[in-house]
file final-v1.cif (mmCIF, C-alpha atoms)
data_target
loop_
_atom_site.label_atom_id
_atom_site.label_comp_id
_atom_site.auth_asym_id
_atom_site.auth_seq_id
_atom_site.Cartn_x
_atom_site.Cartn_y
_atom_site.Cartn_z
CA MET A 173 66.68 142.28 95.69
CA ASN A 174 63.77 141.18 93.47
CA ASP A 175 63.03 137.52 92.62
CA ALA A 176 64.73 137.68 89.20
CA LEU A 177 67.96 138.96 90.71
CA ARG A 178 67.87 136.34 93.47
CA ILE A 179 67.48 133.55 90.88
CA ALA A 180 70.35 134.95 88.77
CA ALA A 181 72.65 135.17 91.81
CA PHE A 182 71.79 131.61 92.86
CA ALA A 183 72.48 130.31 89.37
CA ALA A 184 75.86 132.06 89.26
CA ALA A 185 76.87 130.63 92.62
CA LEU A 186 75.78 127.15 91.59
CA ALA A 187 77.78 127.37 88.36
CA ALA A 188 80.87 128.50 90.25
CA THR A 189 80.54 125.63 92.72
CA PHE A 190 80.25 122.96 90.03
CA GLY A 191 83.02 124.59 88.00
CA THR A 192 85.38 124.40 90.97
CA ALA A 193 84.51 120.76 91.63
CA TYR A 194 85.02 119.88 87.98
CA GLY A 195 88.40 121.60 87.94
CA ALA A 196 89.57 119.72 91.05
CA GLY A 197 88.56 116.43 89.54
CA ARG A 198 90.21 117.03 86.16
CA GLY A 199 93.57 118.22 87.45
CA LEU A 200 95.90 120.86 86.09
CA ASP A 201 93.86 122.00 83.08
CA PRO A 202 90.27 121.90 84.36
CA LEU A 203 88.62 123.37 81.26
CA VAL A 204 90.70 121.54 78.66
CA ALA A 205 89.86 118.00 77.65
CA ALA A 206 92.65 115.52 78.33
CA GLU A 207 92.93 114.82 74.60
CA ASP A 208 93.66 118.52 73.97
CA ARG A 209 96.41 118.98 76.54
CA PRO A 210 99.95 119.46 75.23
CA ALA A 211 101.76 116.14 74.88
CA GLN A 212 104.40 115.25 77.46
CA ARG A 213 107.09 112.69 76.79
CA HIS A 214 107.78 110.19 79.54
CA ALA A 215 110.83 108.20 80.51
CA GLY A 216 110.66 104.46 80.81
CA HIS A 217 111.81 102.20 83.63
CA GLY A 218 115.27 103.70 83.47
CA GLU A 219 116.77 106.93 84.57
CA GLY A 220 115.14 110.35 84.14
CA GLU A 221 116.26 113.93 84.21
CA ALA A 222 116.28 115.72 87.50
CA GLY A 223 114.08 118.78 87.50
CA GLY A 224 112.01 117.66 84.55
CA GLY A 225 109.45 115.75 86.54
CA LYS A 226 111.28 112.47 85.94
CA GLY A 227 112.19 110.05 88.68
CA ALA A 228 115.57 108.40 88.91
CA SER A 229 115.26 104.64 88.53
CA GLY A 230 111.63 105.01 87.55
CA HIS A 231 108.96 106.78 85.53
CA ALA A 232 108.35 110.39 84.80
CA ALA A 233 105.19 111.81 86.28
CA GLY A 234 102.45 110.73 83.92
CA GLY A 235 98.81 109.72 83.84
CA LEU A 236 97.51 113.25 83.30
CA GLN A 237 96.56 112.56 79.68
CA ILE A 238 94.32 110.04 78.02
CA THR A 239 96.30 110.41 74.77
CA ASP A 240 100.06 110.71 74.40
CA GLY A 241 102.73 109.72 71.89
CA GLY A 242 100.13 108.59 69.37
CA TYR A 243 98.39 106.20 71.80
CA THR A 244 95.04 106.50 73.57
CA LEU A 245 93.59 104.71 76.60
CA ALA A 246 90.01 103.74 75.70
CA LEU A 247 87.92 102.62 78.68
CA GLU A 248 85.07 100.41 77.51
CA THR A 249 83.73 100.31 81.08
CA PRO A 250 83.79 103.96 82.21
CA THR A 251 81.22 103.42 85.01
CA ILE A 252 80.88 100.62 87.57
CA ARG A 253 78.97 100.21 90.83
CA ALA A 254 80.54 100.35 94.28
CA GLY A 255 80.65 97.07 96.19
CA ALA A 256 79.91 94.89 93.17
CA ARG A 257 82.48 92.65 91.53
CA THR A 258 82.74 93.97 87.99
CA GLU A 259 84.88 93.33 84.93
CA ILE A 260 86.63 96.42 83.61
CA ARG A 261 87.43 96.32 79.90
CA PHE A 262 89.69 98.71 78.02
CA ALA A 263 92.09 98.97 75.10
CA VAL A 264 95.11 100.97 74.05
CA LYS A 265 94.62 102.39 70.55
CA ASP A 266 97.19 103.76 68.13
CA ASP A 267 96.81 106.98 66.17
CA HIS A 268 94.83 105.10 63.50
CA GLY A 269 92.28 103.91 66.07
CA ARG A 270 93.54 100.32 65.99
CA LYS A 271 93.83 98.31 69.22
CA VAL A 272 97.44 97.63 70.15
CA THR A 273 98.27 93.92 70.43
CA ASP A 274 102.07 93.96 70.68
CA TYR A 275 103.85 95.19 73.82
CA ARG A 276 107.25 94.91 75.43
CA ARG A 277 107.19 92.93 78.65
CA GLU A 278 108.40 94.87 81.66
CA HIS A 279 108.67 93.29 85.09
CA GLY A 280 107.00 90.17 83.74
CA LYS A 281 103.92 91.93 82.34
CA GLU A 282 102.92 93.65 79.11
CA LEU A 283 100.85 96.25 80.96
CA HIS A 284 100.35 97.44 84.54
CA PHE A 285 96.89 98.78 85.40
CA ILE A 286 96.39 101.05 88.43
CA LEU A 287 93.13 102.29 89.94
CA ALA A 288 93.10 105.07 92.55
CA SER A 289 90.25 107.03 94.08
CA SER A 290 90.40 110.81 93.75
CA ASP A 291 90.80 111.12 97.53
CA LEU A 292 93.72 108.61 97.35
CA THR A 293 92.26 106.32 100.00
CA GLU A 294 91.62 103.41 97.59
CA PHE A 295 94.34 101.84 95.45
CA ARG A 296 94.56 98.75 93.22
CA HIS A 297 97.55 97.49 91.22
CA LEU A 298 96.08 95.02 88.72
CA HIS A 299 97.37 92.90 85.87
CA PRO A 300 94.58 92.42 83.33
CA VAL A 301 94.43 89.75 80.65
CA ARG A 302 94.62 90.73 76.98
CA SER A 303 92.52 89.03 74.32
CA ALA A 304 93.80 88.47 70.80
CA ASP A 305 92.01 91.57 69.48
CA GLY A 306 93.80 93.86 71.97
CA THR A 307 91.00 94.21 74.54
CA TRP A 308 92.18 94.05 78.16
CA ALA A 309 89.91 92.81 80.98
CA THR A 310 90.25 92.50 84.75
CA PRO A 311 87.79 91.87 87.59
CA VAL A 312 87.62 94.50 90.32
CA ASP A 313 85.58 95.20 93.44
CA LEU A 314 85.78 98.80 94.64
CA PRO A 315 84.06 99.43 97.98
CA LYS A 316 83.76 103.21 97.74
CA ALA A 317 81.74 105.34 95.36
CA GLY A 318 83.20 108.43 93.73
CA GLY A 319 85.68 109.48 91.08
CA TYR A 320 88.66 107.26 90.27
CA ARG A 321 91.60 107.48 87.91
CA ALA A 322 92.62 104.47 85.81
CA PHE A 323 96.28 104.32 84.73
CA ALA A 324 97.75 102.10 82.01
CA ASP A 325 101.54 101.77 82.28
CA PHE A 326 103.07 100.10 79.20
CA THR A 327 105.60 100.22 76.37
CA PRO A 328 104.42 99.46 72.82
CA ALA A 329 106.60 97.03 70.88
CA ALA A 330 106.75 99.41 67.91
CA GLU A 331 110.28 100.48 67.02
CA GLY A 332 111.31 103.62 68.86
CA ALA A 333 108.26 103.59 71.16
CA GLU A 334 108.80 104.87 74.70
CA ASN A 335 107.20 103.86 77.96
CA LEU A 336 103.89 105.66 78.55
CA THR A 337 101.46 106.07 81.40
CA LEU A 338 98.02 107.09 80.20
CA GLY A 339 95.15 108.02 82.50
CA ALA A 340 91.36 108.01 82.15
CA ASP A 341 88.51 108.84 84.51
CA LEU A 342 86.42 106.05 86.02
CA ALA A 343 83.10 106.71 87.81
CA VAL A 344 82.03 104.40 90.64
CA SER A 345 78.34 104.85 91.42
CA GLY A 346 76.78 104.64 94.86
CA THR A 347 76.55 106.80 97.96
CA TYR A 348 79.57 109.08 97.92
CA ARG A 349 81.26 109.91 101.22
CA PRO A 350 84.43 111.93 100.65
CA ALA A 351 87.38 111.16 102.93
CA ALA A 352 90.20 113.41 104.02
CA LEU A 353 93.72 112.49 102.96
CA PRO A 354 95.35 110.61 105.86
CA ALA A 355 97.80 112.69 107.86
CA PRO A 356 101.53 112.10 107.44
CA ARG A 357 103.01 109.41 109.69
CA ALA A 358 106.29 107.50 109.64
CA THR A 359 104.73 104.02 109.71
CA ALA A 360 101.89 102.08 108.10
CA GLU A 361 100.09 98.93 109.29
CA VAL A 362 98.67 96.31 106.93
CA ASP A 363 97.52 92.76 107.76
CA GLY A 364 99.69 92.63 110.89
CA TYR A 365 102.77 93.98 109.12
CA ARG A 366 104.43 97.23 110.08
CA VAL A 367 106.21 99.23 107.38
CA ALA A 368 108.48 102.12 108.36
CA LEU A 369 109.39 104.83 105.86
CA ASP A 370 112.67 106.70 106.08
CA GLY A 371 114.33 109.13 103.67
CA ALA A 372 113.30 112.15 101.63
CA LEU A 373 111.15 112.60 98.54
CA ARG A 374 112.49 115.76 96.90
CA ALA A 375 111.14 118.09 94.24
CA GLY A 376 113.31 118.19 91.15
CA ARG A 377 116.10 115.93 92.40
CA GLY A 378 116.57 112.33 93.41
CA GLY A 379 116.11 111.17 96.97
CA GLU A 380 116.30 107.77 98.60
CA LEU A 381 113.26 106.23 100.24
CA LYS A 382 113.85 103.21 102.46
CA LEU A 383 110.93 101.07 103.56
CA THR A 384 111.49 98.48 106.30
CA VAL A 385 109.01 95.63 106.83
CA SER A 386 108.47 93.92 110.18
CA ARG A 387 105.88 91.65 111.78
CA ASN A 388 105.27 91.04 115.49
CA GLY A 389 108.23 93.28 116.27
CA ARG A 390 110.65 91.24 114.16
CA PRO A 391 112.18 92.24 110.83
CA VAL A 392 110.94 90.35 107.77
CA THR A 393 114.06 89.07 106.02
CA ASP A 394 112.42 86.74 103.50
CA LEU A 395 110.37 89.02 101.27
CA GLN A 396 109.46 87.25 98.04
CA PRO A 397 110.00 88.61 94.53
CA TYR A 398 106.91 90.23 93.05
CA LEU A 399 107.12 90.85 89.32
CA GLY A 400 110.87 90.38 89.51
CA ALA A 401 111.49 92.76 92.42
CA TYR A 402 111.18 92.81 96.21
CA GLY A 403 108.87 95.79 96.10
CA HIS A 404 107.03 98.17 93.81
CA LEU A 405 106.31 101.78 94.64
CA VAL A 406 103.69 104.05 93.06
CA ALA A 407 103.44 107.73 93.98
CA LEU A 408 100.37 109.85 93.19
CA ARG A 409 100.22 113.60 93.63
CA SER A 410 97.19 114.82 95.54
CA GLY A 411 94.88 117.01 93.47
CA ASP A 412 95.65 116.02 89.89
CA LEU A 413 96.81 112.42 90.59
CA ALA A 414 100.03 112.79 88.60
CA TYR A 415 101.61 109.33 88.56
CA LEU A 416 105.16 108.27 89.38
CA HIS A 417 106.18 104.58 89.36
CA VAL A 418 109.60 103.63 90.69
CA HIS A 419 111.36 100.35 91.37
CA PRO A 420 113.82 99.36 94.05
CA ASN A 421 117.55 99.78 94.10
CA GLU A 422 119.58 96.59 94.26
CA GLY A 423 119.29 94.76 97.55
CA GLY A 424 118.28 91.60 99.33
CA PRO A 425 114.91 90.18 100.38
CA GLY A 426 114.36 92.52 103.30
CA PRO A 427 113.74 93.79 105.78
CA ALA A 428 114.46 97.07 103.95
CA VAL A 429 113.63 97.91 100.34
CA SER A 430 115.30 101.03 98.93
CA PHE A 431 114.00 103.27 96.15
CA THR A 432 115.34 106.37 94.44
CA ALA A 433 112.74 108.80 93.14
CA THR A 434 112.25 112.43 92.16
CA ALA A 435 109.04 114.32 92.87
CA PRO A 436 108.00 116.37 89.81
CA SER A 437 106.93 119.31 92.00
CA ALA A 438 106.15 120.45 95.48
CA GLY A 439 102.90 119.14 96.94
CA THR A 440 101.35 116.32 98.88
CA TYR A 441 101.81 112.77 97.60
CA ARG A 442 100.41 109.39 98.47
CA LEU A 443 102.88 106.47 98.25
CA PHE A 444 101.74 102.87 97.80
CA LEU A 445 104.25 100.08 98.43
CA ASP A 446 103.43 96.60 97.11
CA PHE A 447 105.41 93.81 98.79
CA ARG A 448 105.00 90.03 98.82
CA HIS A 449 105.41 87.72 101.80
CA GLU A 450 104.23 84.15 102.37
CA GLY A 451 102.67 84.12 98.92
CA LYS A 452 100.44 87.18 99.34
CA VAL A 453 100.89 90.71 97.98
CA ARG A 454 100.06 93.55 100.35
CA ALA A 455 100.02 97.32 99.90
CA ALA A 456 101.21 99.82 102.53
CA ALA A 457 100.20 103.46 102.05
CA PHE A 458 101.96 106.66 103.14
CA THR A 459 101.26 110.37 102.88
CA VAL A 460 104.29 112.59 102.22
CA ARG A 461 104.70 116.32 101.77
CA VAL A 462 107.30 117.88 99.49
CA SER A 463 108.21 121.57 99.66
CA ALA A 464 109.41 123.77 96.81
CA PRO A 465 112.97 123.01 95.55
CA GLU A 466 114.44 126.26 96.83
CA LYS A 467 113.28 125.43 100.34
CA GLY A 468 114.37 121.79 100.26
CA ALA A 469 112.13 118.78 100.72
CA ILE A 470 110.39 117.74 103.88
CA GLY A 471 111.28 114.17 104.76
CA PRO A 472 108.50 111.69 104.09
CA GLN A 473 106.19 110.64 106.83
CA GLY A 474 103.80 107.76 106.35
CA SER A 475 100.27 106.86 107.36
#
call {"tool": "encode", "arguments": {"input": "final-v1.cif", "output": "structure tokens"}}
result
Amino acid sequence: MNDALRIAAFAAALAATFGTAYGAGRGLDPLVAAEDRPAQRHAGHGEGEAGGGKGASGHAAGGLQITDGGYTLALETPTIRAGARTEIRFAVKDDHGRKVTDYRREHGKELHFILASSDLTEFRHLHPVRSADGTWATPVDLPKAGGYRAFADFTPAAEGAENLTLGADLAVSGTYRPAALPAPRATAEVDGYRVALDGALRAGRGGELKLTVSRNGRPVTDLQPYLGAYGHLVALRSGDLAYLHVHPNEGGPGPAVSFTATAPSAGTYRLFLDFRHEGKVRAAAFTVRVSAPEKGAIGPQGS
């Protein structure tokens, strides 16, 4: 092979490599900008339809689009540096480009803001402050470099508006060291607490997930309300980071918190449970695998 052919072959291989990486980072439609993807309607904090990617007692899978339902998530801080405390600023804009300033409060907040790394090993559930002009701001310190997804979960106050979860890409600069998704396990440890996961996350139909909190071998029976509930659960699908946010079924302050959710499809998911005890909110993370509906779902195992 002469030099010209070697250079052409190298260039083709390089283009294929970067194209594959770009597709993995963007999700389901790797060559279509998020703004150009077909709109998907999402359920709110109520019930959803089984089989339509909507979770019972929670959200539909969302976060794959930066624009939906006439609203756009506009990150004013699309790049930050790893390991440095930084203020992230963003706004939700309507279809006229105006910043939204009127929201319905859900679970005590106008808007829930989630950050997750593309490898699903970093997770933040934040509650930013909104200025009068509609700009939201929150401090954050992310230890790992790499690609992240920012999710805004909100319901506009406009008549007839539905709950939406919009997603935008966030770049965190620094030395990037990719991590493998943790293997499935039935328990998670965080700050001396042990959380056990039991139940089944199913594709296309509701399943109950029960999370039991203990410390030093004893059940925790005095969980404290956090945003009006004894626990909050966010599920993210590995690969495209499709977002599902569910809330607990009725129950007491522990040791178990029960959720009902529907996985929008087969795949591997990362579950993040926020719970509050002794005045501090902690997050326990689990990896679960869900098989295709016709084969049934594999029961969740945590890590």
call {"tool": "residues_near_point", "arguments": {"input": "final-v1.cif", "point": "(99.7, 99.6, 82.3)", "cutoff": "9 Å", "atoms": "all atoms listed in the file", "output": "JSON, numbers by chain"}}
result
{"A": [281, 282, 283, 284, 285, 286, 298, 299, 300, 323, 324, 325, 326, 327, 336, 337, 338]}
call {"tool": "resolve_selection", "arguments": {"input": "final-v1.cif", "expression": "the PyMOL selection byres ((chain A and resi 370) around 7)", "output": "PyMOL selection string"}}
result
chain A and resi 368-369+371+381-383+472
call {"tool": "atom_distance", "arguments": {"input": "final-v1.cif", "atom1": "atom CA of Arg257 of chain A", "atom2": "atom CA of Val344 of chain A"}}
result
11.8 Å
call {"tool": "resolve_selection", "arguments": {"input": "final-v1.cif", "expression": "the PyMOL selection byres ((chain A and resi 315) around 8)", "output": "PDB file with C-alpha atoms, in the frame of the given file"}}
result
ATOM      1  CA  ALA A 254      80.540 100.350  94.280  1.00  0.00           C
ATOM      2  CA  GLY A 255      80.650  97.070  96.190  1.00  0.00           C
ATOM      3  CA  ALA A 256      79.910  94.890  93.170  1.00  0.00           C
ATOM      4  CA  ASP A 313      85.580  95.200  93.440  1.00  0.00           C
ATOM      5  CA  LEU A 314      85.780  98.800  94.640  1.00  0.00           C
ATOM      6  CA  LYS A 316      83.760 103.210  97.740  1.00  0.00           C
ATOM      7  CA  ALA A 317      81.740 105.340  95.360  1.00  0.00           C
TER       8      ALA A 317
END
call {"tool": "resolve_selection", "arguments": {"input": "final-v1.cif", "expression": "the PyMOL selection byres ((chain A and resi 263) around 8)", "output": "PyMOL selection string"}}
result
chain A and resi 245-248+261-262+264-265+271-272+306-308
call {"tool": "atom_distance", "arguments": {"input": "final-v1.cif", "atom1": "atom CA of Ala343 of chain A", "atom2": "atom CA of Phe295 of chain A"}}
result
14.4 Å
call {"tool": "residues_near_point", "arguments": {"input": "final-v1.cif", "point": "(85.9, 97.4, 87.0)", "cutoff": "7 Å", "atoms": "all atoms listed in the file", "output": "list in words"}}
result
Thr249, Ile252, Thr258, Glu259, Ile260, Thr310, Pro311, Val312 and Asp313 of chain A
call {"tool": "closest_residue", "arguments": {"input": "final-v1.cif", "among": "A:His449, A:Arg296, A:Arg253, A:His279", "to": "Thr347 of chain A", "atoms": "all atoms listed in the file"}}
result
A:Arg253
call {"tool": "closest_atom_pairs", "arguments": {"input": "final-v1.cif", "of": "segment 287-363 of chain A", "to": "segment 385-390 of chain A", "cutoff": "10 Å", "atoms": "only C-alpha atoms", "output": "tab-separated table"}}
result
residue	atom	partner	partner_atom	distance
A:Thr359	CA	A:Val385	CA	9.8
A:Ala360	CA	A:Val385	CA	9.7
A:Glu361	CA	A:Arg387	CA	9.6
A:Val362	CA	A:Arg387	CA	9.9
A:Asp363	CA	A:Arg387	CA	9.3
call {"tool": "axis_aligned_box", "arguments": {"input": "final-v1.cif", "around": "segment 263-281 of chain A", "padding_each_side": "6 Å", "output": "AutoDock Vina command-line options"}}
result
--center_x 100.4 --center_y 98.6 --center_z 74.3 --size_x 28.6 --size_y 28.8 --size_z 33.6
call {"tool": "closest_residue", "arguments": {"input": "final-v1.cif", "among": "A:Arg461, A:His297, A:Lys452, A:Arg374", "to": "His404 of chain A", "atoms": "all atoms listed in the file"}}
result
A:His297
call {"tool": "closest_residue", "arguments": {"input": "final-v1.cif", "among": "A:Leu342, A:Ala355, A:Ala435, A:Ile238", "to": "Gly319 of chain A", "atoms": "all atoms listed in the file"}}
result
A:Leu342
call {"tool": "atom_distance", "arguments": {"input": "final-v1.cif", "atom1": "atom CA of Arg448 of chain A", "atom2": "atom CA of Val406 of chain A"}}
result
15.2 Å
call {"tool": "closest_residue", "arguments": {"input": "final-v1.cif", "among": "A:Asp267, A:Asp446, A:Glu422, A:Asp412", "to": "Asp291 of chain A", "atoms": "only C-alpha atoms"}}
result
A:Asp412
